[in-house]
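A.B. asks: Let me begin by handing over the structure; questions about it come next.
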Amino acid sequence: MTRFLLPLGIFVVLVGFLLVGLNLNPRQVPSPLIGKPAPEFQLQQLHQAEQTLTSKDNLGKVWLLNVWASWCVSCREEHPLLVELAKSGIVPVYGLNYKDQRDDALRWLKQFGDPYTVSIVDPEGRTGIDYGVYGVPETYVIDKKGVIRYKQIGPVTVEALQTKILPLVKELELQG
Amino acid sequence: MSLRLLFPSLKDDGTHKGDSMTKAFFGATGFAFLLAFLLALTPVWAKEAAPVAEDPEIEKRMTTLSEDLRCLVCQNETIAASRADFANDLRREIREQMQAKKSDKEIVDFLVARYGDFVLYRPPVKSTTLLLWFGPFIFLLGGAIALLVYLKQRRKQIQEPQLSDQELKHTEDLLKERKGNNA
């Protein structure tokens with residue numbers, strides 16, 4: 001009887017590892033930028049092309065940077081949540097319009113609502129590379145000192161908002 | 001979830017535009033319009049192909065380097081092989097940095113700073129990857145030790161049995177008996 005215990009034990013351990021592996025999402029690649037200063041940018045605004053926004057303009061406040069595009073289907077999924085979040089006034093949401101056409105982007109915002117305090121445009125995806133963007137949507141939480149504190153890969157969900165983003169924003173607001 | 005983390009390869013808008021354009025061609029506008037359209041397309045192709053022709057040396061270096069880099073969108077492909085938009089952008093970035101006389105190491109560091117070690121197909125040896133690098137050797141060693149122990153035990157089992165004098169005599173009697181029967 002005991003001679004079966006060892007193989008059975010090894011089998012159980014192996015199944016355990018495989019089960020954990022099945023539940024990991026290989027697309028969620030942890031960002032090395034968390035805890036690091038948000039990469040600098042100076043980009044044209046979507047609505048007023050003659051104006052720019054730089055990463056330094058937001059120093060002193062906690063803000064979200066949401067990477068979006070009109071061609072991105074799951075951006076539509078998270079969009080109502082962002083609109084609601086913006087209405088609540090809890091935290092300002094800035095948009096990074098990633099590899100998009102200006103006309104398409106403006107039409108998209110008109111159709112689905114515009115939650116963004118300001119949207120900036122990154123037509124060639126260069127700022128995207130600096131921020132380690134590899135899929136859209138992605139959302140960054142940036143603190144008052146301009147440090148990236150969290151990255152949501154994929155659409156923002158109610159669960160992510162409740163369990164991670166909003167508590168983190170609250171905590172960061174309290175810091176000096 | 002995975003399909004919806006999108007890149008422009010899954011653009012839904014592009015196809016619609018294509019449809020309406022095809023209709024326009026075969027509508028009233030006719031052949032001249034089609035010709036004009038095809039001619040208008042040519043410079044776009046020429047522009048895209050330009051960097052390759054400009055410097056074959058850099059192109060070769062870029063391909064060699066990006067063969068060791070993982071595309072984060074289609075994770076089992078290298079940046080050299082992938083046709084995803086993301087890989088395209090990174091190839092452009094690598095090409096530009098090479099033109100700016102950056103070394104391969106500087107470019108790899110640039111990418112690792114943004115995308116993490118995951119972009120490397122050959123992960124660096126450090127505390128978090130020790131098990132990855134040396135785990136197989138630990139398993140090999142464990143297997144070898146288990147095999148040695150097993151073989152030693154087996155040798156004990158198959159050692160020739162020592163017979164007592166009484167048993168020997170009994171055996172000889174039996175053998176004699178058998179011979180007698182045969183004769």
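Ligands are numbered from 1 in the order shown, chains are lettered A, B, ... in the order of the structure tokens, and residues start at 1 in each chain.
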Compile the contact shell of Asp100 (chain A) as a list of chain:residue names: residues with an atom at most 9 Å away, counting only C-alpha atoms, same-chain residues fewer than 4 positions apart removed.

C.D. replies: A:Trp68, A:Ala69, A:Ser70, A:Trp71, A:Asp104, A:Ala105, A:Val121, A:Asp122, A:Pro123, A:Glu124

A.B. asks: Please provide as a list in words all residues within 10 Å of Ala81 (chain B), with the sequence filter that same-chain residues fewer than 6 positions apart are discarded (counting only C-alpha atoms).

C.D. replies: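 The filter keeps Thr63, Ser66, Glu67, Leu69, Arg70, Cys71, Ala87 and Asn88 of chain B.
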
A.B. asks: Identify every residue of chain A that has at least one atom within 6 Å of any atom of chain B, counting only C-alpha atoms, and report the result as number ranges by chain.

C.D. replies: A: 32, 71-72, 74, 132, 135-136

A.B. asks: Determine, counting only C-alpha atoms, which protein, DNA and RNA residues have an atom within 9 Å of an atom of region 83-86 of chain A; residues of the same chain fewer than 3 positions away are not included. Present the result as JSON, numbers by chain.

C.D. replies: {"A": [78, 79, 80, 89, 90, 91, 92, 93, 112, 113, 114, 115, 116, 117]}

A.B. asks: What separation in Å, quoted to one decimal, exists between CA of Lys170 (chain A) and CA of Ile129 (chain A)?

C.D. replies: 28.6 Å

A.B. asks: Show me, as a short mmCIF file (atom, residue, chain, number, x, y, z; two decimals) with C-alpha atoms, in the first residue's frame, the residues that have an atom within 7 Å of Gln44 (chain A) when counting only C-alpha atoms, minus same-chain residues fewer than 6 positions from it.

C.D. replies:
```cif
data_model
loop_
_atom_site.label_atom_id
_atom_site.label_comp_id
_atom_site.auth_asym_id
_atom_site.auth_seq_id
_atom_site.Cartn_x
_atom_site.Cartn_y
_atom_site.Cartn_z
CA GLU A 50 -2.57 73.39 -30.92
CA GLN A 51 -2.30 72.69 -27.19
CA THR A 52 -0.06 70.13 -25.56
CA LEU A 53 -0.05 68.31 -22.25
CA ILE A 120 -3.68 63.35 -25.70
CA VAL A 121 -2.72 61.71 -28.95
#
```

A.B. asks: Please provide as a PyMOL selection string all residues within 12 Å of Leu161 (chain A), with the sequence filter that same-chain residues fewer than 3 positions apart are discarded (counting only C-alpha atoms).

C.D. replies: chain A and resi 64+78+81-82+84-85+90-91+139+141+150-152+155-158+164-170

A.B. asks: Using the selection just defined, write its residues with N, CA and C atoms as an mmCIF file, in the first residue's frame.

C.D. replies:
```cif
data_model
loop_
_atom_site.group_PDB
_atom_site.id
_atom_site.type_symbol
_atom_site.label_atom_id
_atom_site.label_comp_id
_atom_site.auth_asym_id
_atom_site.auth_seq_id
_atom_site.Cartn_x
_atom_site.Cartn_y
_atom_site.Cartn_z
ATOM 1 N N LEU A 64 -5.519 59.128 -13.303
ATOM 2 C CA LEU A 64 -5.487 57.886 -14.071
ATOM 3 C C LEU A 64 -5.122 58.212 -15.511
ATOM 4 N N GLU A 78 -15.265 48.919 -21.199
ATOM 5 C CA GLU A 78 -14.944 49.625 -19.961
ATOM 6 C C GLU A 78 -15.429 51.065 -19.981
ATOM 7 N N LEU A 81 -18.001 52.619 -17.510
ATOM 8 C CA LEU A 81 -17.455 52.720 -16.154
ATOM 9 C C LEU A 81 -16.610 53.971 -16.005
ATOM 10 N N LEU A 82 -15.807 54.252 -17.041
ATOM 11 C CA LEU A 82 -14.940 55.428 -16.985
ATOM 12 C C LEU A 82 -15.780 56.699 -16.967
ATOM 13 N N GLU A 84 -18.738 57.012 -15.801
ATOM 14 C CA GLU A 84 -19.321 57.126 -14.469
ATOM 15 C C GLU A 84 -18.285 57.614 -13.457
ATOM 16 N N LEU A 85 -17.099 57.065 -13.567
ATOM 17 C CA LEU A 85 -16.016 57.443 -12.656
ATOM 18 C C LEU A 85 -15.703 58.930 -12.796
ATOM 19 N N ILE A 90 -14.169 61.524 -8.411
ATOM 20 C CA ILE A 90 -13.240 60.954 -7.421
ATOM 21 C C ILE A 90 -11.793 61.158 -7.870
ATOM 22 N N VAL A 91 -11.558 60.895 -9.137
ATOM 23 C CA VAL A 91 -10.185 61.000 -9.644
ATOM 24 C C VAL A 91 -10.263 61.398 -11.123
ATOM 25 N N THR A 139 -4.658 50.880 -18.112
ATOM 26 C CA THR A 139 -4.897 52.052 -17.278
ATOM 27 C C THR A 139 -3.844 52.137 -16.176
ATOM 28 N N VAL A 141 -2.396 54.097 -12.669
ATOM 29 C CA VAL A 141 -2.675 55.000 -11.552
ATOM 30 C C VAL A 141 -1.363 55.704 -11.219
ATOM 31 N N TYR A 150 0.120 51.624 -10.124
ATOM 32 C CA TYR A 150 -0.660 50.440 -10.498
ATOM 33 C C TYR A 150 -0.920 50.465 -11.990
ATOM 34 N N LYS A 151 -0.985 49.266 -12.573
ATOM 35 C CA LYS A 151 -1.329 49.192 -13.991
ATOM 36 C C LYS A 151 -2.411 48.141 -14.171
ATOM 37 N N GLN A 152 -3.525 48.568 -14.767
ATOM 38 C CA GLN A 152 -4.605 47.632 -15.090
ATOM 39 C C GLN A 152 -4.427 47.236 -16.545
ATOM 40 N N PRO A 155 -9.528 45.761 -19.888
ATOM 41 C CA PRO A 155 -10.543 46.725 -19.476
ATOM 42 C C PRO A 155 -10.646 46.877 -17.964
ATOM 43 N N VAL A 156 -10.955 48.093 -17.534
ATOM 44 C CA VAL A 156 -11.251 48.355 -16.130
ATOM 45 C C VAL A 156 -12.591 47.701 -15.819
ATOM 46 N N THR A 157 -12.630 46.909 -14.747
ATOM 47 C CA THR A 157 -13.880 46.245 -14.371
ATOM 48 C C THR A 157 -14.367 46.819 -13.046
ATOM 49 N N VAL A 158 -15.633 46.544 -12.736
ATOM 50 C CA VAL A 158 -16.185 46.995 -11.453
ATOM 51 C C VAL A 158 -15.336 46.437 -10.324
ATOM 52 N N LYS A 164 -9.140 47.417 -6.180
ATOM 53 C CA LYS A 164 -7.769 47.904 -6.324
ATOM 54 C C LYS A 164 -7.687 49.405 -6.566
ATOM 55 N N ILE A 165 -8.323 49.858 -7.639
ATOM 56 C CA ILE A 165 -8.062 51.227 -8.085
ATOM 57 C C ILE A 165 -8.559 52.267 -7.078
ATOM 58 N N LEU A 166 -9.829 52.178 -6.695
ATOM 59 C CA LEU A 166 -10.374 53.198 -5.804
ATOM 60 C C LEU A 166 -9.712 53.218 -4.414
ATOM 61 N N PRO A 167 -9.515 52.039 -3.777
ATOM 62 C CA PRO A 167 -8.797 52.079 -2.490
ATOM 63 C C PRO A 167 -7.400 52.690 -2.629
ATOM 64 N N LEU A 168 -6.730 52.361 -3.728
ATOM 65 C CA LEU A 168 -5.378 52.894 -3.936
ATOM 66 C C LEU A 168 -5.418 54.414 -4.118
ATOM 67 N N VAL A 169 -6.394 54.885 -4.895
ATOM 68 C CA VAL A 169 -6.527 56.321 -5.124
ATOM 69 C C VAL A 169 -6.756 57.040 -3.789
ATOM 70 N N LYS A 170 -7.629 56.454 -2.972
ATOM 71 C CA LYS A 170 -7.949 57.048 -1.668
ATOM 72 C C LYS A 170 -6.687 57.160 -0.815
#
```

A.B. asks: With a distance cut-off of 12 Å and only C-alpha atoms, select the neighbouring residues of Pro39 (chain A), excluding the residue or stretch itself and same-chain residues fewer than 3 positions from it, and output the selection as a ChimeraX atom specification.

C.D. replies: /A:33-36,42,54-56,65,126-133,140,142,146-148 /B:113-114

A.B. asks: Would you kindly return, as a list in words, each protein, DNA or RNA residue with an atom no farther than 7 Å from any atom of Asp68 (chain B), considering only C-alpha atoms and excluding same-chain residues fewer than 6 positions away?

C.D. replies: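 Close residues of Asp68 (chain B): Thr78, Leu120 and Tyr121 of chain B.
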
A.B. asks: Using N, CA and C atoms, can you write the selected residues to a file as a compact mmCIF listing (two decimals), in the first residue's frame?

C.D. replies:
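The result, written out as again23.txt:
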```txt
# COMPACT_ATOMS: atom_id res chain seq x y z
N THR B 78 8.61 35.54 -31.99
CA THR B 78 9.64 36.54 -31.74
C THR B 78 9.21 37.86 -32.38
N LEU B 120 12.49 38.97 -23.03
CA LEU B 120 13.68 38.19 -23.38
C LEU B 120 13.33 36.73 -23.48
N TYR B 121 13.74 36.09 -24.57
CA TYR B 121 13.55 34.64 -24.65
C TYR B 121 14.59 33.92 -23.80
```

A.B. asks: If you run DSSP on the backbone, which residues of region 105-178 of chain B are helix (DSSP H, G or I), as a PyMOL selection string?

C.D. replies: chain B and resi 105-115+117-119+127-157+165-178

A.B. asks: Would you save the residues of that selection, restricted to C-alpha atoms, as a CSV table (one decimal), in the first residue's frame?

C.D. replies:
```
chain,number,residue,atom,x,y,z
B,105,LYS,CA,22.9,45.9,-24.9
B,106,GLU,CA,21.6,49.4,-24.6
B,107,ILE,CA,18.6,48.6,-26.8
B,108,VAL,CA,17.8,45.4,-24.9
B,109,ASP,CA,18.0,47.4,-21.6
B,110,PHE,CA,15.7,50.0,-23.0
B,111,LEU,CA,13.1,47.3,-23.8
B,112,VAL,CA,13.5,45.4,-20.5
B,113,ALA,CA,13.0,48.7,-18.6
B,114,ARG,CA,9.6,49.0,-20.3
B,115,TYR,CA,8.4,45.5,-20.7
B,117,ASP,CA,12.3,40.4,-18.5
B,118,PHE,CA,9.4,38.8,-20.3
B,119,VAL,CA,10.5,40.3,-23.6
B,127,SER,CA,17.5,35.2,-7.6
B,128,THR,CA,14.0,34.8,-9.1
B,129,THR,CA,15.1,32.7,-12.0
B,130,LEU,CA,17.5,30.4,-10.2
B,131,LEU,CA,14.9,27.6,-10.0
B,132,LEU,CA,14.2,28.1,-13.7
B,133,TRP,CA,17.9,27.8,-14.7
B,134,PHE,CA,19.0,25.1,-12.2
B,135,GLY,CA,15.7,23.3,-11.4
B,136,PRO,CA,16.2,20.7,-14.2
B,137,PHE,CA,19.7,19.9,-12.9
B,138,ILE,CA,18.3,19.4,-9.4
B,139,PHE,CA,15.7,17.0,-10.8
B,140,LEU,CA,18.5,15.2,-12.7
B,141,LEU,CA,20.6,14.8,-9.5
B,142,GLY,CA,17.5,13.6,-7.5
B,143,GLY,CA,16.8,11.1,-10.2
B,144,ALA,CA,20.4,9.8,-10.2
B,145,ILE,CA,20.4,9.4,-6.5
B,146,ALA,CA,17.1,7.6,-6.5
B,147,LEU,CA,18.4,5.2,-9.2
B,148,LEU,CA,21.6,4.5,-7.2
B,149,VAL,CA,19.6,3.7,-4.1
B,150,TYR,CA,17.2,1.4,-6.0
B,151,LEU,CA,20.1,-0.5,-7.7
B,152,LYS,CA,21.9,-1.0,-4.4
B,153,GLN,CA,18.8,-2.5,-2.8
B,154,ARG,CA,18.2,-4.7,-5.8
B,155,ARG,CA,21.7,-6.1,-5.6
B,156,LYS,CA,21.0,-7.1,-2.0
B,157,GLN,CA,17.9,-8.9,-3.0
B,165,ASP,CA,24.2,-27.9,5.9
B,166,GLN,CA,20.8,-29.5,6.5
B,167,GLU,CA,19.3,-27.8,3.5
B,168,LEU,CA,22.4,-28.8,1.3
B,169,LYS,CA,22.0,-32.5,2.3
B,170,HIS,CA,18.3,-32.4,1.5
B,171,THR,CA,19.0,-30.9,-1.9
B,172,GLU,CA,21.6,-33.5,-2.7
B,173,ASP,CA,19.2,-36.3,-1.6
B,174,LEU,CA,16.5,-34.9,-3.9
B,175,LEU,CA,19.0,-34.7,-6.8
B,176,LYS,CA,20.1,-38.3,-6.3
B,177,GLU,CA,16.6,-39.5,-6.1
B,178,ARG,CA,15.9,-37.9,-9.5
```

A.B. asks: Report, in Å to a single decimal, how far apart CA of Asn23 (chain A) and CA of Glu159 (chain A) are.

C.D. replies: 17.2 Å

A.B. asks: Nearest residue to Tyr94 (chain A) out of A:Thr163, A:Gln45, A:Trp108, A:Gln28, using only C-alpha atoms?

C.D. replies: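 Of all the options, A:Gln45 lies closest to Tyr94 (chain A).
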
A.B. asks: Considering only C-alpha atoms, can you say which of A:Leu6, A:Tyr134, A:Asp143, A:Val118 comes closest to Leu43 (chain A)?

C.D. replies: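 For Leu43 (chain A), the nearest of the candidates is A:Val118.
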
A.B. asks: Would you list, as a PyMOL selection string, the residues of region 44-124 of chain A that end up in strand (DSSP E) under DSSP run on this structure's backbone?

C.D. replies: chain A and resi 44+52-54+63-68+93-98+119-122
